[in-house]
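Here is the structure we will look at, set down as structure tokens.
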Amino acid sequence: MIDHELLPGVEGETSAELSLLGGLLSHPYIELHRFSDEGPPDGTPHQSHEVLGDFFPGWVVLGERAEELDYLPLEWSDSQGSSVTRGGLIGNGPDVAEADTESTAYHDLEASDAAARRRADAIAVQAAGEAKADIFITRRPYLHALTWDLARGVTIGDPEHALPLISLYLRAQHEFITLRSLDGGFTATLNRGLFYWVGARELLPAGWRWFAACVQHGADDDSIIYLGQSVFQRVQRALQARDAALVALNQPHDNDTADEAIGNLDLVLLGLMAAADVTARVAHRALHLTGSERAAGWQRAQWVKRVAEVSPELAEIVAPDSSGGLVLKILSTLRNSIHGAALDALAVGGPGGRRTDTLVGLPHGEAEQVVGAMDALGGREAFGVRELLPERIHADPGQLLDALLARMLELLNELMRLTPVERLEGVSLAPEDELPPASGGFEDWSRSSIRRQLGLNLGP
């Protein structure tokens with residue numbers, strides 16, 4: 001369900017996110033209902049039935065509470081108008097919301113107006129729950145500040161956060177869309193591999209210049225071309241594994257979904273560490289360091305010391321107390337679990353013994369170091385850290401994965417940007433070497449669409 005005014009063309013200018021979201025919501029795999037506190041605006045298409053009367057396809061509509069009724073009636077119809085369902089809201093949720101003066105939402109309004117808005121918001125999300133909506137797309141501040149469950153089973157998200165979730169669902173159905181019209185009359189798609197390949201290249205913009213130099217240097221020895229290309233392949237596969245993990249975590253939790261999530265987290269860790277090692281090997285060649293490039297690694301102090309003698313700026317990025325060094329500390333520690341005890345899953349139960357969550361345990365003996373690095377990077381909360389058991393530290397695998405992936409992509413991009421690949425023999429870079437092609441899925445609108453759908457919190 002979505003607040004009607006958020007749909008493109010309803011109110012004011014439409015952002016790129018809303019246009020993309022609106023197109024995805026028109027996909028036949030998604031059942032969309034609109035909602036407005038005041039009901040459908042004048043002129044909204046409706047249908048009439050000899051028994052049911054007028055109803056509005058694709059809408060959830062509130063009725064008026066009659067004196068003799070102890071519930072608030074509502075009805076909803078599918079977008080084709082082929083079915084109409086009637087129900088009602090019961091309970092005192094709206095009353096509790098109205099009296100919730102401790103909420104900071106609507107603090108700029110008069111007390112009575114703020115109470116009315118909280119009540120309306122509570123009714124809206126409960127209507128979404130009654131209509132069996134999985135997600136309610138809204139900007140209502142009270143609902144985003146909730147600390148209690150108003151409508152069990154309904155995810156509340158603003159358009160910017162809903163877009164990656166809707167796209168993830170469609171990708172899980174093998175739909176890789178880059179553009180779709182609001183009426184569904186036009187759709188642009190890519191195949192699975194190209195979608196993630198474009199995503200990997202878009203998230204590593206410094207890679208265009210970096211890899212162009214690898215290609216030019218590889219005219220006589222193409223080993224560096226294969227080496228450089230593997231960075232993007234590793235990131236592409238990490239994005240695919242991330243999707244698989246998130247799909248598992250967005251299903252009812254059981255041992256199978258836990259295994260799928262943790263297993264794909266392992267793949268992401270391995271892929272990111274491999275990508276980092278490849279950029280180190282390319283730097284080894286670009287800096288003309290002596291000795292075997294197998295010794296190259298941004299987490300290897302002796303090799304970085306040699307880098308610092310030639311390129312202090314590059315070495316500074318991965319200094320132990322730098323953000324890059326801290327990210328590498330987290331990644332390498334988690335990745336190195338491949339050599340010892342595997343990352344384990346913890347089942348978290350809720351009321352009635354129902355499994356509600358899956359957490360991943362941080363490595364025994366090194367968890368405090370990992371958490372210390374997380375604290376220095378903005379706080380352990382951003383990585384989903386939770387302490388539920390004595391002497392054990394766990395994390396939400398989805399939050400951990402996304403926080404680490406976003407930070408590692410930023411680090412990889414910075415390493416590529418500062419590596420002096422122009423020092424490689426045979427390299428003569430031109431301005432166009434720093435730009436993506438304008439076709440083949442790499443058009444500006446296509447890359448922007450994929451970036452938004454992936455939803456990683458990276459800079460522009």
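All residue names refer to the structure tokens as shown: chains lettered A, B, ... in order, residues numbered from 1 in each chain, ligands numbered from 1 in order.
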
task = For Asp277 in chain A, list every protein, DNA or RNA residue within 10 Å, evaluated using only C-alpha atoms, and leave out those in the same chain fewer than 2 positions away; present the list as a ChimeraX atom specification.
result = /A:231,271-275,279-283,293-299

Counting only C-alpha atoms, which residues in range 335-412 of chain A sit no more than 12 Å from range 306-319 of chain A? For each one, give the nearest pair of atoms and the distance in Å, sorted by chain then residue number, as JSON lines.
```
{"residue": "A:Met408", "atom": "CA", "partner": "A:Val318", "partner_atom": "CA", "distance": 11.5}
{"residue": "A:Glu410", "atom": "CA", "partner": "A:Ile317", "partner_atom": "CA", "distance": 11.1}
{"residue": "A:Leu411", "atom": "CA", "partner": "A:Ile317", "partner_atom": "CA", "distance": 8.1}
{"residue": "A:Leu412", "atom": "CA", "partner": "A:Ile317", "partner_atom": "CA", "distance": 10.3}
```

DSSP on the backbone, helix (DSSP H, G or I) only: what residues of range 165-294 of chain A does that give? Format it as an mmCIF file with N, CA and C atoms, in the first residue's frame.
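To be explicit, this is the file written out as part_22.cif:
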```cif
data_model
loop_
_atom_site.group_PDB
_atom_site.id
_atom_site.type_symbol
_atom_site.label_atom_id
_atom_site.label_comp_id
_atom_site.auth_asym_id
_atom_site.auth_seq_id
_atom_site.Cartn_x
_atom_site.Cartn_y
_atom_site.Cartn_z
ATOM 1 N N LEU A 165 13.902 -2.479 -1.725
ATOM 2 C CA LEU A 165 13.209 -3.680 -1.271
ATOM 3 C C LEU A 165 12.287 -4.216 -2.363
ATOM 4 N N ILE A 166 11.553 -3.326 -3.036
ATOM 5 C CA ILE A 166 10.689 -3.746 -4.139
ATOM 6 C C ILE A 166 11.535 -4.327 -5.262
ATOM 7 N N SER A 167 12.659 -3.670 -5.556
ATOM 8 C CA SER A 167 13.543 -4.169 -6.608
ATOM 9 C C SER A 167 14.137 -5.522 -6.240
ATOM 10 N N LEU A 168 14.512 -5.707 -4.976
ATOM 11 C CA LEU A 168 15.044 -7.001 -4.525
ATOM 12 C C LEU A 168 14.024 -8.103 -4.755
ATOM 13 N N TYR A 169 12.765 -7.820 -4.419
ATOM 14 C CA TYR A 169 11.715 -8.812 -4.646
ATOM 15 C C TYR A 169 11.618 -9.164 -6.129
ATOM 16 N N LEU A 170 11.647 -8.160 -7.004
ATOM 17 C CA LEU A 170 11.537 -8.426 -8.437
ATOM 18 C C LEU A 170 12.776 -9.166 -8.947
ATOM 19 N N ARG A 171 13.949 -8.810 -8.435
ATOM 20 C CA ARG A 171 15.152 -9.537 -8.849
ATOM 21 C C ARG A 171 15.086 -10.992 -8.421
ATOM 22 N N ALA A 172 14.478 -11.248 -7.276
ATOM 23 C CA ALA A 172 14.316 -12.631 -6.826
ATOM 24 C C ALA A 172 13.374 -13.401 -7.751
ATOM 25 N N ARG A 192 20.494 -11.041 -16.102
ATOM 26 C CA ARG A 192 20.975 -11.047 -14.725
ATOM 27 C C ARG A 192 22.437 -10.646 -14.623
ATOM 28 N N GLY A 193 23.286 -11.271 -15.423
ATOM 29 C CA GLY A 193 24.712 -10.994 -15.324
ATOM 30 C C GLY A 193 25.045 -9.549 -15.640
ATOM 31 N N LEU A 194 24.411 -9.000 -16.693
ATOM 32 C CA LEU A 194 24.709 -7.630 -17.091
ATOM 33 C C LEU A 194 24.207 -6.640 -16.051
ATOM 34 N N PHE A 195 23.074 -6.908 -15.416
ATOM 35 C CA PHE A 195 22.547 -6.023 -14.378
ATOM 36 C C PHE A 195 23.581 -5.849 -13.265
ATOM 37 N N TYR A 196 24.125 -6.948 -12.781
ATOM 38 C CA TYR A 196 25.098 -6.865 -11.695
ATOM 39 C C TYR A 196 26.457 -6.359 -12.176
ATOM 40 N N TRP A 197 26.794 -6.643 -13.427
ATOM 41 C CA TRP A 197 28.055 -6.151 -13.974
ATOM 42 C C TRP A 197 28.021 -4.622 -14.079
ATOM 43 N N VAL A 198 26.926 -4.089 -14.605
ATOM 44 C CA VAL A 198 26.768 -2.636 -14.665
ATOM 45 C C VAL A 198 26.781 -2.051 -13.256
ATOM 46 N N GLY A 199 26.119 -2.751 -12.314
ATOM 47 C CA GLY A 199 26.112 -2.290 -10.931
ATOM 48 C C GLY A 199 27.509 -2.218 -10.344
ATOM 49 N N ALA A 200 28.316 -3.245 -10.610
ATOM 50 C CA ALA A 200 29.680 -3.260 -10.088
ATOM 51 C C ALA A 200 30.503 -2.121 -10.666
ATOM 52 N N ARG A 201 30.402 -1.896 -11.967
ATOM 53 C CA ARG A 201 31.162 -0.816 -12.587
ATOM 54 C C ARG A 201 30.675 0.553 -12.121
ATOM 55 N N GLU A 202 29.365 0.697 -11.900
ATOM 56 C CA GLU A 202 28.811 1.968 -11.448
ATOM 57 C C GLU A 202 29.256 2.294 -10.026
ATOM 58 N N LEU A 203 29.371 1.290 -9.182
ATOM 59 C CA LEU A 203 29.758 1.508 -7.795
ATOM 60 C C LEU A 203 31.266 1.699 -7.630
ATOM 61 N N GLY A 207 37.199 2.954 -11.399
ATOM 62 C CA GLY A 207 37.655 1.781 -12.123
ATOM 63 C C GLY A 207 37.769 1.973 -13.618
ATOM 64 N N TRP A 208 37.085 2.975 -14.177
ATOM 65 C CA TRP A 208 37.182 3.191 -15.623
ATOM 66 C C TRP A 208 38.603 3.596 -16.000
ATOM 67 N N ARG A 209 39.139 4.584 -15.324
ATOM 68 C CA ARG A 209 40.516 5.015 -15.589
ATOM 69 C C ARG A 209 41.502 3.911 -15.235
ATOM 70 N N TRP A 210 41.300 3.316 -14.075
ATOM 71 C CA TRP A 210 42.207 2.286 -13.554
ATOM 72 C C TRP A 210 42.302 1.104 -14.518
ATOM 73 N N PHE A 211 41.141 0.648 -14.996
ATOM 74 C CA PHE A 211 41.152 -0.530 -15.861
ATOM 75 C C PHE A 211 41.604 -0.176 -17.280
ATOM 76 N N ALA A 212 41.305 1.050 -17.727
ATOM 77 C CA ALA A 212 41.801 1.463 -19.043
ATOM 78 C C ALA A 212 43.322 1.385 -19.076
ATOM 79 N N ALA A 213 43.959 1.775 -17.978
ATOM 80 C CA ALA A 213 45.415 1.681 -17.908
ATOM 81 C C ALA A 213 45.868 0.226 -17.941
ATOM 82 N N CYS A 214 45.138 -0.647 -17.265
ATOM 83 C CA CYS A 214 45.477 -2.076 -17.296
ATOM 84 C C CYS A 214 45.403 -2.614 -18.729
ATOM 85 N N VAL A 215 44.373 -2.206 -19.456
ATOM 86 C CA VAL A 215 44.212 -2.670 -20.840
ATOM 87 C C VAL A 215 45.351 -2.155 -21.715
ATOM 88 N N GLN A 216 45.696 -0.888 -21.575
ATOM 89 C CA GLN A 216 46.779 -0.329 -22.391
ATOM 90 C C GLN A 216 48.111 -0.983 -22.059
ATOM 91 N N HIS A 217 48.368 -1.189 -20.772
ATOM 92 C CA HIS A 217 49.614 -1.835 -20.371
ATOM 93 C C HIS A 217 49.652 -3.291 -20.816
ATOM 94 N N SER A 223 48.145 -10.483 -18.938
ATOM 95 C CA SER A 223 47.870 -11.002 -17.598
ATOM 96 C C SER A 223 47.269 -9.919 -16.703
ATOM 97 N N ILE A 224 47.712 -8.670 -16.872
ATOM 98 C CA ILE A 224 47.183 -7.599 -16.033
ATOM 99 C C ILE A 224 45.740 -7.263 -16.416
ATOM 100 N N ILE A 225 45.371 -7.525 -17.655
ATOM 101 C CA ILE A 225 43.976 -7.288 -18.062
ATOM 102 C C ILE A 225 43.059 -8.248 -17.318
ATOM 103 N N TYR A 226 43.437 -9.517 -17.310
ATOM 104 C CA TYR A 226 42.630 -10.508 -16.582
ATOM 105 C C TYR A 226 42.644 -10.222 -15.082
ATOM 106 N N LEU A 227 43.797 -9.766 -14.602
ATOM 107 C CA LEU A 227 43.911 -9.441 -13.174
ATOM 108 C C LEU A 227 42.978 -8.283 -12.822
ATOM 109 N N GLY A 228 43.062 -7.198 -13.596
ATOM 110 C CA GLY A 228 42.226 -6.039 -13.313
ATOM 111 C C GLY A 228 40.748 -6.328 -13.467
ATOM 112 N N GLN A 229 40.394 -7.064 -14.500
ATOM 113 C CA GLN A 229 38.989 -7.383 -14.730
ATOM 114 C C GLN A 229 38.388 -8.173 -13.581
ATOM 115 N N SER A 230 39.212 -8.954 -12.906
ATOM 116 C CA SER A 230 38.703 -9.812 -11.839
ATOM 117 C C SER A 230 38.177 -9.007 -10.651
ATOM 118 N N VAL A 231 38.641 -7.748 -10.477
ATOM 119 C CA VAL A 231 38.085 -6.913 -9.406
ATOM 120 C C VAL A 231 36.586 -6.746 -9.609
ATOM 121 N N PHE A 232 36.211 -6.410 -10.830
ATOM 122 C CA PHE A 232 34.798 -6.171 -11.109
ATOM 123 C C PHE A 232 33.990 -7.472 -11.068
ATOM 124 N N GLN A 233 34.633 -8.564 -11.489
ATOM 125 C CA GLN A 233 33.958 -9.858 -11.403
ATOM 126 C C GLN A 233 33.687 -10.232 -9.950
ATOM 127 N N ARG A 234 34.668 -9.990 -9.077
ATOM 128 C CA ARG A 234 34.487 -10.310 -7.651
ATOM 129 C C ARG A 234 33.372 -9.468 -7.048
ATOM 130 N N VAL A 235 33.341 -8.184 -7.394
ATOM 131 C CA VAL A 235 32.298 -7.313 -6.864
ATOM 132 C C VAL A 235 30.942 -7.691 -7.435
ATOM 133 N N GLN A 236 30.900 -8.032 -8.722
ATOM 134 C CA GLN A 236 29.648 -8.481 -9.324
ATOM 135 C C GLN A 236 29.092 -9.692 -8.579
ATOM 136 N N ARG A 237 29.945 -10.651 -8.299
ATOM 137 C CA ARG A 237 29.490 -11.849 -7.592
ATOM 138 C C ARG A 237 29.132 -11.542 -6.141
ATOM 139 N N ALA A 238 29.823 -10.574 -5.552
ATOM 140 C CA ALA A 238 29.472 -10.166 -4.190
ATOM 141 C C ALA A 238 28.076 -9.553 -4.164
ATOM 142 N N LEU A 239 27.739 -8.767 -5.180
ATOM 143 C CA LEU A 239 26.400 -8.176 -5.261
ATOM 144 C C LEU A 239 25.339 -9.267 -5.429
ATOM 145 N N GLN A 240 25.646 -10.274 -6.205
ATOM 146 C CA GLN A 240 24.703 -11.377 -6.390
ATOM 147 C C GLN A 240 24.526 -12.167 -5.099
ATOM 148 N N ALA A 241 25.641 -12.425 -4.409
ATOM 149 C CA ALA A 241 25.564 -13.149 -3.141
ATOM 150 C C ALA A 241 24.836 -12.317 -2.089
ATOM 151 N N ARG A 242 25.045 -11.016 -2.118
ATOM 152 C CA ARG A 242 24.315 -10.131 -1.206
ATOM 153 C C ARG A 242 22.813 -10.266 -1.430
ATOM 154 N N ASP A 243 22.395 -10.264 -2.674
ATOM 155 C CA ASP A 243 20.969 -10.429 -2.964
ATOM 156 C C ASP A 243 20.445 -11.746 -2.409
ATOM 157 N N ALA A 244 21.199 -12.812 -2.622
ATOM 158 C CA ALA A 244 20.756 -14.119 -2.135
ATOM 159 C C ALA A 244 20.623 -14.123 -0.621
ATOM 160 N N ALA A 245 21.562 -13.474 0.068
ATOM 161 C CA ALA A 245 21.487 -13.394 1.529
ATOM 162 C C ALA A 245 20.281 -12.588 1.976
ATOM 163 N N LEU A 246 20.041 -11.447 1.331
ATOM 164 C CA LEU A 246 18.923 -10.597 1.725
ATOM 165 C C LEU A 246 17.574 -11.245 1.413
ATOM 166 N N VAL A 247 17.498 -11.966 0.323
ATOM 167 C CA VAL A 247 16.261 -12.689 0.009
ATOM 168 C C VAL A 247 15.970 -13.715 1.101
ATOM 169 N N ALA A 248 16.996 -14.430 1.537
ATOM 170 C CA ALA A 248 16.811 -15.422 2.600
ATOM 171 C C ALA A 248 16.358 -14.759 3.895
ATOM 172 N N LEU A 249 16.946 -13.604 4.210
ATOM 173 C CA LEU A 249 16.625 -12.928 5.467
ATOM 174 C C LEU A 249 15.256 -12.265 5.446
ATOM 175 N N ASN A 255 16.149 -22.922 9.704
ATOM 176 C CA ASN A 255 17.542 -23.342 9.528
ATOM 177 C C ASN A 255 18.013 -23.185 8.086
ATOM 178 N N ASP A 256 17.110 -23.404 7.137
ATOM 179 C CA ASP A 256 17.485 -23.294 5.726
ATOM 180 C C ASP A 256 17.781 -21.854 5.337
ATOM 181 N N THR A 257 16.942 -20.910 5.759
ATOM 182 C CA THR A 257 17.204 -19.516 5.416
ATOM 183 C C THR A 257 18.450 -19.013 6.130
ATOM 184 N N ALA A 258 18.693 -19.485 7.347
ATOM 185 C CA ALA A 258 19.910 -19.096 8.066
ATOM 186 C C ALA A 258 21.148 -19.589 7.325
ATOM 187 N N ASP A 259 21.111 -20.839 6.866
ATOM 188 C CA ASP A 259 22.239 -21.400 6.125
ATOM 189 C C ASP A 259 22.469 -20.633 4.832
ATOM 190 N N GLU A 260 21.397 -20.267 4.154
ATOM 191 C CA GLU A 260 21.513 -19.512 2.901
ATOM 192 C C GLU A 260 22.110 -18.133 3.160
ATOM 193 N N ALA A 261 21.655 -17.478 4.204
ATOM 194 C CA ALA A 261 22.142 -16.128 4.503
ATOM 195 C C ALA A 261 23.612 -16.136 4.904
ATOM 196 N N ILE A 262 23.989 -17.013 5.845
ATOM 197 C CA ILE A 262 25.368 -17.029 6.337
ATOM 198 C C ILE A 262 26.315 -17.530 5.258
ATOM 199 N N GLY A 263 25.866 -18.504 4.474
ATOM 200 C CA GLY A 263 26.706 -19.007 3.389
ATOM 201 C C GLY A 263 27.013 -17.933 2.368
ATOM 202 N N ASN A 264 26.024 -17.113 2.025
ATOM 203 C CA ASN A 264 26.260 -16.047 1.054
ATOM 204 C C ASN A 264 27.034 -14.891 1.664
ATOM 205 N N LEU A 265 26.902 -14.673 2.979
ATOM 206 C CA LEU A 265 27.760 -13.699 3.644
ATOM 207 C C LEU A 265 29.219 -14.112 3.493
ATOM 208 N N ASP A 266 29.501 -15.395 3.663
ATOM 209 C CA ASP A 266 30.861 -15.912 3.454
ATOM 210 C C ASP A 266 31.369 -15.566 2.051
ATOM 211 N N LEU A 267 30.503 -15.756 1.041
ATOM 212 C CA LEU A 267 30.907 -15.484 -0.343
ATOM 213 C C LEU A 267 31.217 -14.007 -0.550
ATOM 214 N N VAL A 268 30.432 -13.137 0.061
ATOM 215 C CA VAL A 268 30.697 -11.701 -0.047
ATOM 216 C C VAL A 268 32.047 -11.363 0.567
ATOM 217 N N LEU A 269 32.326 -11.915 1.747
ATOM 218 C CA LEU A 269 33.607 -11.660 2.413
ATOM 219 C C LEU A 269 34.780 -12.121 1.554
ATOM 220 N N LEU A 270 34.669 -13.292 0.994
ATOM 221 C CA LEU A 270 35.740 -13.823 0.155
ATOM 222 C C LEU A 270 35.934 -12.965 -1.090
ATOM 223 N N GLY A 271 34.831 -12.562 -1.712
ATOM 224 C CA GLY A 271 34.921 -11.762 -2.933
ATOM 225 C C GLY A 271 35.533 -10.400 -2.692
ATOM 226 N N LEU A 272 35.151 -9.758 -1.615
ATOM 227 C CA LEU A 272 35.678 -8.426 -1.324
ATOM 228 C C LEU A 272 37.159 -8.478 -0.983
ATOM 229 N N MET A 273 37.563 -9.500 -0.233
ATOM 230 C CA MET A 273 38.979 -9.616 0.106
ATOM 231 C C MET A 273 39.795 -9.898 -1.150
ATOM 232 N N ALA A 274 39.262 -10.714 -2.031
ATOM 233 C CA ALA A 274 39.957 -11.000 -3.283
ATOM 234 C C ALA A 274 40.098 -9.736 -4.124
ATOM 235 N N ALA A 275 39.026 -8.930 -4.181
ATOM 236 C CA ALA A 275 39.093 -7.680 -4.947
ATOM 237 C C ALA A 275 40.151 -6.745 -4.379
ATOM 238 N N ALA A 276 40.224 -6.653 -3.054
ATOM 239 C CA ALA A 276 41.238 -5.804 -2.431
ATOM 240 C C ALA A 276 42.643 -6.299 -2.767
ATOM 241 N N ASP A 277 42.832 -7.604 -2.728
ATOM 242 C CA ASP A 277 44.156 -8.163 -3.030
ATOM 243 C C ASP A 277 44.565 -7.879 -4.469
ATOM 244 N N VAL A 278 43.598 -7.914 -5.393
ATOM 245 C CA VAL A 278 43.910 -7.625 -6.800
ATOM 246 C C VAL A 278 44.357 -6.182 -6.965
ATOM 247 N N THR A 279 43.671 -5.235 -6.312
ATOM 248 C CA THR A 279 44.101 -3.834 -6.433
ATOM 249 C C THR A 279 45.499 -3.649 -5.861
ATOM 250 N N ALA A 280 45.847 -4.438 -4.856
ATOM 251 C CA ALA A 280 47.203 -4.361 -4.301
ATOM 252 C C ALA A 280 48.227 -4.858 -5.316
ATOM 253 N N ARG A 281 47.890 -5.911 -6.037
ATOM 254 C CA ARG A 281 48.832 -6.450 -7.024
ATOM 255 C C ARG A 281 49.036 -5.469 -8.174
ATOM 256 N N VAL A 282 47.960 -4.828 -8.597
ATOM 257 C CA VAL A 282 48.104 -3.821 -9.648
ATOM 258 C C VAL A 282 48.952 -2.659 -9.141
ATOM 259 N N ALA A 283 48.742 -2.244 -7.899
ATOM 260 C CA ALA A 283 49.558 -1.173 -7.324
ATOM 261 C C ALA A 283 51.026 -1.591 -7.263
ATOM 262 N N HIS A 284 51.273 -2.845 -6.946
ATOM 263 C CA HIS A 284 52.642 -3.362 -6.886
ATOM 264 C C HIS A 284 53.344 -3.135 -8.226
ATOM 265 N N ARG A 285 52.617 -3.405 -9.319
ATOM 266 C CA ARG A 285 53.201 -3.216 -10.647
ATOM 267 C C ARG A 285 53.325 -1.729 -10.984
ATOM 268 N N ALA A 286 52.268 -0.961 -10.675
ATOM 269 C CA ALA A 286 52.283 0.460 -11.028
ATOM 270 C C ALA A 286 53.381 1.220 -10.286
ATOM 271 N N GLU A 293 54.793 -10.099 -6.474
ATOM 272 C CA GLU A 293 53.542 -9.392 -6.177
ATOM 273 C C GLU A 293 52.618 -10.234 -5.299
ATOM 274 N N ARG A 294 52.950 -11.480 -5.073
ATOM 275 C CA ARG A 294 52.149 -12.304 -4.172
ATOM 276 C C ARG A 294 52.228 -11.798 -2.730
#
```

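In terms of minimum interatomic distance to Leu163 in chain A, A:Ser19 ranks closest within A:Ser19, A:Gln369, A:Ser82, A:Asn250, counting only C-alpha atoms.
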
Could you pull the residues within 8 Å of Ala105 in chain A, counting only C-alpha atoms, minus those fewer than 2 positions along the same chain, as a PDB file with C-alpha atoms, in the first residue's frame?
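In the end it all went to part_29.pdb:
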```pdb
ATOM      1  CA  SER A 103       6.336  11.024  20.272  1.00  0.00           C
ATOM      2  CA  HIS A 107       6.045  18.498  17.423  1.00  0.00           C
ATOM      3  CA  ALA A 114      -0.629  16.637  16.250  1.00  0.00           C
ATOM      4  CA  PRO A 141       6.758  10.786  10.557  1.00  0.00           C
ATOM      5  CA  TYR A 142       4.788   9.171  13.364  1.00  0.00           C
ATOM      6  CA  ALA A 145       9.237   6.937  14.807  1.00  0.00           C
TER       7      ALA A 145
END
```

Selection: 12 Å around Ala188 in chain A, only C-alpha atoms, excl. self and same-chain fewer than 5 positions, as JSON, numbers by chain = {"A": [20, 23, 24, 175, 176, 177, 178, 179, 180, 181, 195, 441, 445, 446, 449, 450]}

Any chance you could export the current selection's C-alpha atoms as an mmCIF file, in the first residue's frame?
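Ended up saving to out_7.cif:
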```cif
data_model
loop_
_atom_site.group_PDB
_atom_site.id
_atom_site.type_symbol
_atom_site.label_atom_id
_atom_site.label_comp_id
_atom_site.auth_asym_id
_atom_site.auth_seq_id
_atom_site.Cartn_x
_atom_site.Cartn_y
_atom_site.Cartn_z
ATOM 1 C CA LEU A 20 11.445 4.486 -10.808
ATOM 2 C CA GLY A 23 7.192 2.016 -12.583
ATOM 3 C CA LEU A 24 8.265 -1.010 -10.530
ATOM 4 C CA GLU A 175 13.100 -9.491 -13.247
ATOM 5 C CA PHE A 176 16.040 -7.115 -13.805
ATOM 6 C CA ILE A 177 14.392 -3.848 -14.758
ATOM 7 C CA THR A 178 16.173 -0.588 -15.509
ATOM 8 C CA LEU A 179 13.160 1.446 -16.668
ATOM 9 C CA ARG A 180 9.405 0.938 -16.594
ATOM 10 C CA SER A 181 6.606 3.348 -17.433
ATOM 11 C CA PHE A 195 22.547 -6.023 -14.378
ATOM 12 C CA GLY A 441 23.407 -0.927 -20.442
ATOM 13 C CA TRP A 445 19.806 6.553 -16.787
ATOM 14 C CA SER A 446 20.497 2.812 -16.692
ATOM 15 C CA SER A 449 18.577 3.183 -11.981
ATOM 16 C CA ILE A 450 20.683 0.181 -10.962
#
```

task = Do a neighbour search on range 377-385 of chain A at 12 Å with only C-alpha atoms, toss out local chain neighbours closer than 2 positions, and write the hits as a PyMOL selection string.
result = chain A and resi 321-330+358-362+367-375+387-388+392-407+457

ask   = Quick one: distance from CA of Leu287 in chain A to CA of Ala219 in chain A in Å, one decimal?
value =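 We find that CA of Leu287 in chain A and CA of Ala219 in chain A lie 18.8 Å from each other.
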
request  = Pull the strand (DSSP E) assignments for range 108-196 of chain A out of DSSP run on the backbone, and list those residues as a PyMOL selection string.
outcome  = chain A and resi 135-137+155-157+177-180+187-189

note = Counting only C-alpha atoms, closest pick from A:Ala131, A:Ala115, A:Val125, A:Pro390 relative to Ile156 in chain A is A:Val125

Within 7 Å of range 133-136 of chain A using only C-alpha atoms, minus same-chain residues under 6 positions, as an mmCIF file with C-alpha atoms, in the first residue's frame:
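Listing of result26.cif after writing:
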```cif
data_model
loop_
_atom_site.group_PDB
_atom_site.id
_atom_site.type_symbol
_atom_site.label_atom_id
_atom_site.label_comp_id
_atom_site.auth_asym_id
_atom_site.auth_seq_id
_atom_site.Cartn_x
_atom_site.Cartn_y
_atom_site.Cartn_z
ATOM 1 C CA MET A 1 0.000 0.000 0.000
ATOM 2 C CA ILE A 2 1.204 3.515 -0.758
ATOM 3 C CA VAL A 125 -1.081 1.581 8.882
ATOM 4 C CA GLY A 153 3.506 -7.937 9.637
ATOM 5 C CA VAL A 154 3.510 -4.572 7.849
ATOM 6 C CA THR A 155 6.885 -3.088 6.950
ATOM 7 C CA ILE A 156 6.897 0.706 7.013
ATOM 8 C CA GLY A 157 9.215 2.391 4.547
#
```

Which polymer residues have any atom within 6 Å of an atom of range 90-101 of chain A, counting only C-alpha atoms, with same-chain residues fewer than 3 positions away left out, as a compact mmCIF listing (two decimals) with N, CA and C atoms, in the first residue's frame?
```txt
# COMPACT_ATOMS: atom_id res chain seq x y z
N TYR A 71 -16.43 -0.93 15.13
CA TYR A 71 -15.24 -0.98 14.29
C TYR A 71 -15.37 0.08 13.20
N ALA A 115 -2.23 15.41 17.60
CA ALA A 115 -2.96 14.22 18.02
C ALA A 115 -3.80 13.67 16.88
N ARG A 118 -1.49 11.88 14.41
CA ARG A 118 -1.06 10.57 14.92
C ARG A 118 -2.19 9.55 14.78
N ARG A 119 -3.39 9.97 15.08
CA ARG A 119 -4.53 9.06 14.97
C ARG A 119 -4.73 8.63 13.51
N ALA A 122 -2.10 6.12 12.51
CA ALA A 122 -2.36 4.79 13.07
C ALA A 122 -3.45 4.08 12.28
N ILE A 123 -4.49 4.81 11.92
CA ILE A 123 -5.56 4.21 11.12
C ILE A 123 -5.02 3.75 9.76
```

query = Could you work out how far CA of Asp121 in chain A lies from CA of Pro351 in chain A, giving the answer in Å with one decimal?
reply =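 Spanning CA of Pro351 in chain A to CA of Asp121 in chain A is a straight-line distance of 25.9 Å.
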
key: Å distance separating CA of Ala206 in chain A from CA of Pro159 in chain A, one decimal place   = 29.0 Å

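Of the residues listed (A:Ala124, A:Val61, A:Leu204, A:Val84), A:Leu204 shows the shortest atom-to-atom separation from Asn413 in chain A; distances use only C-alpha atoms.
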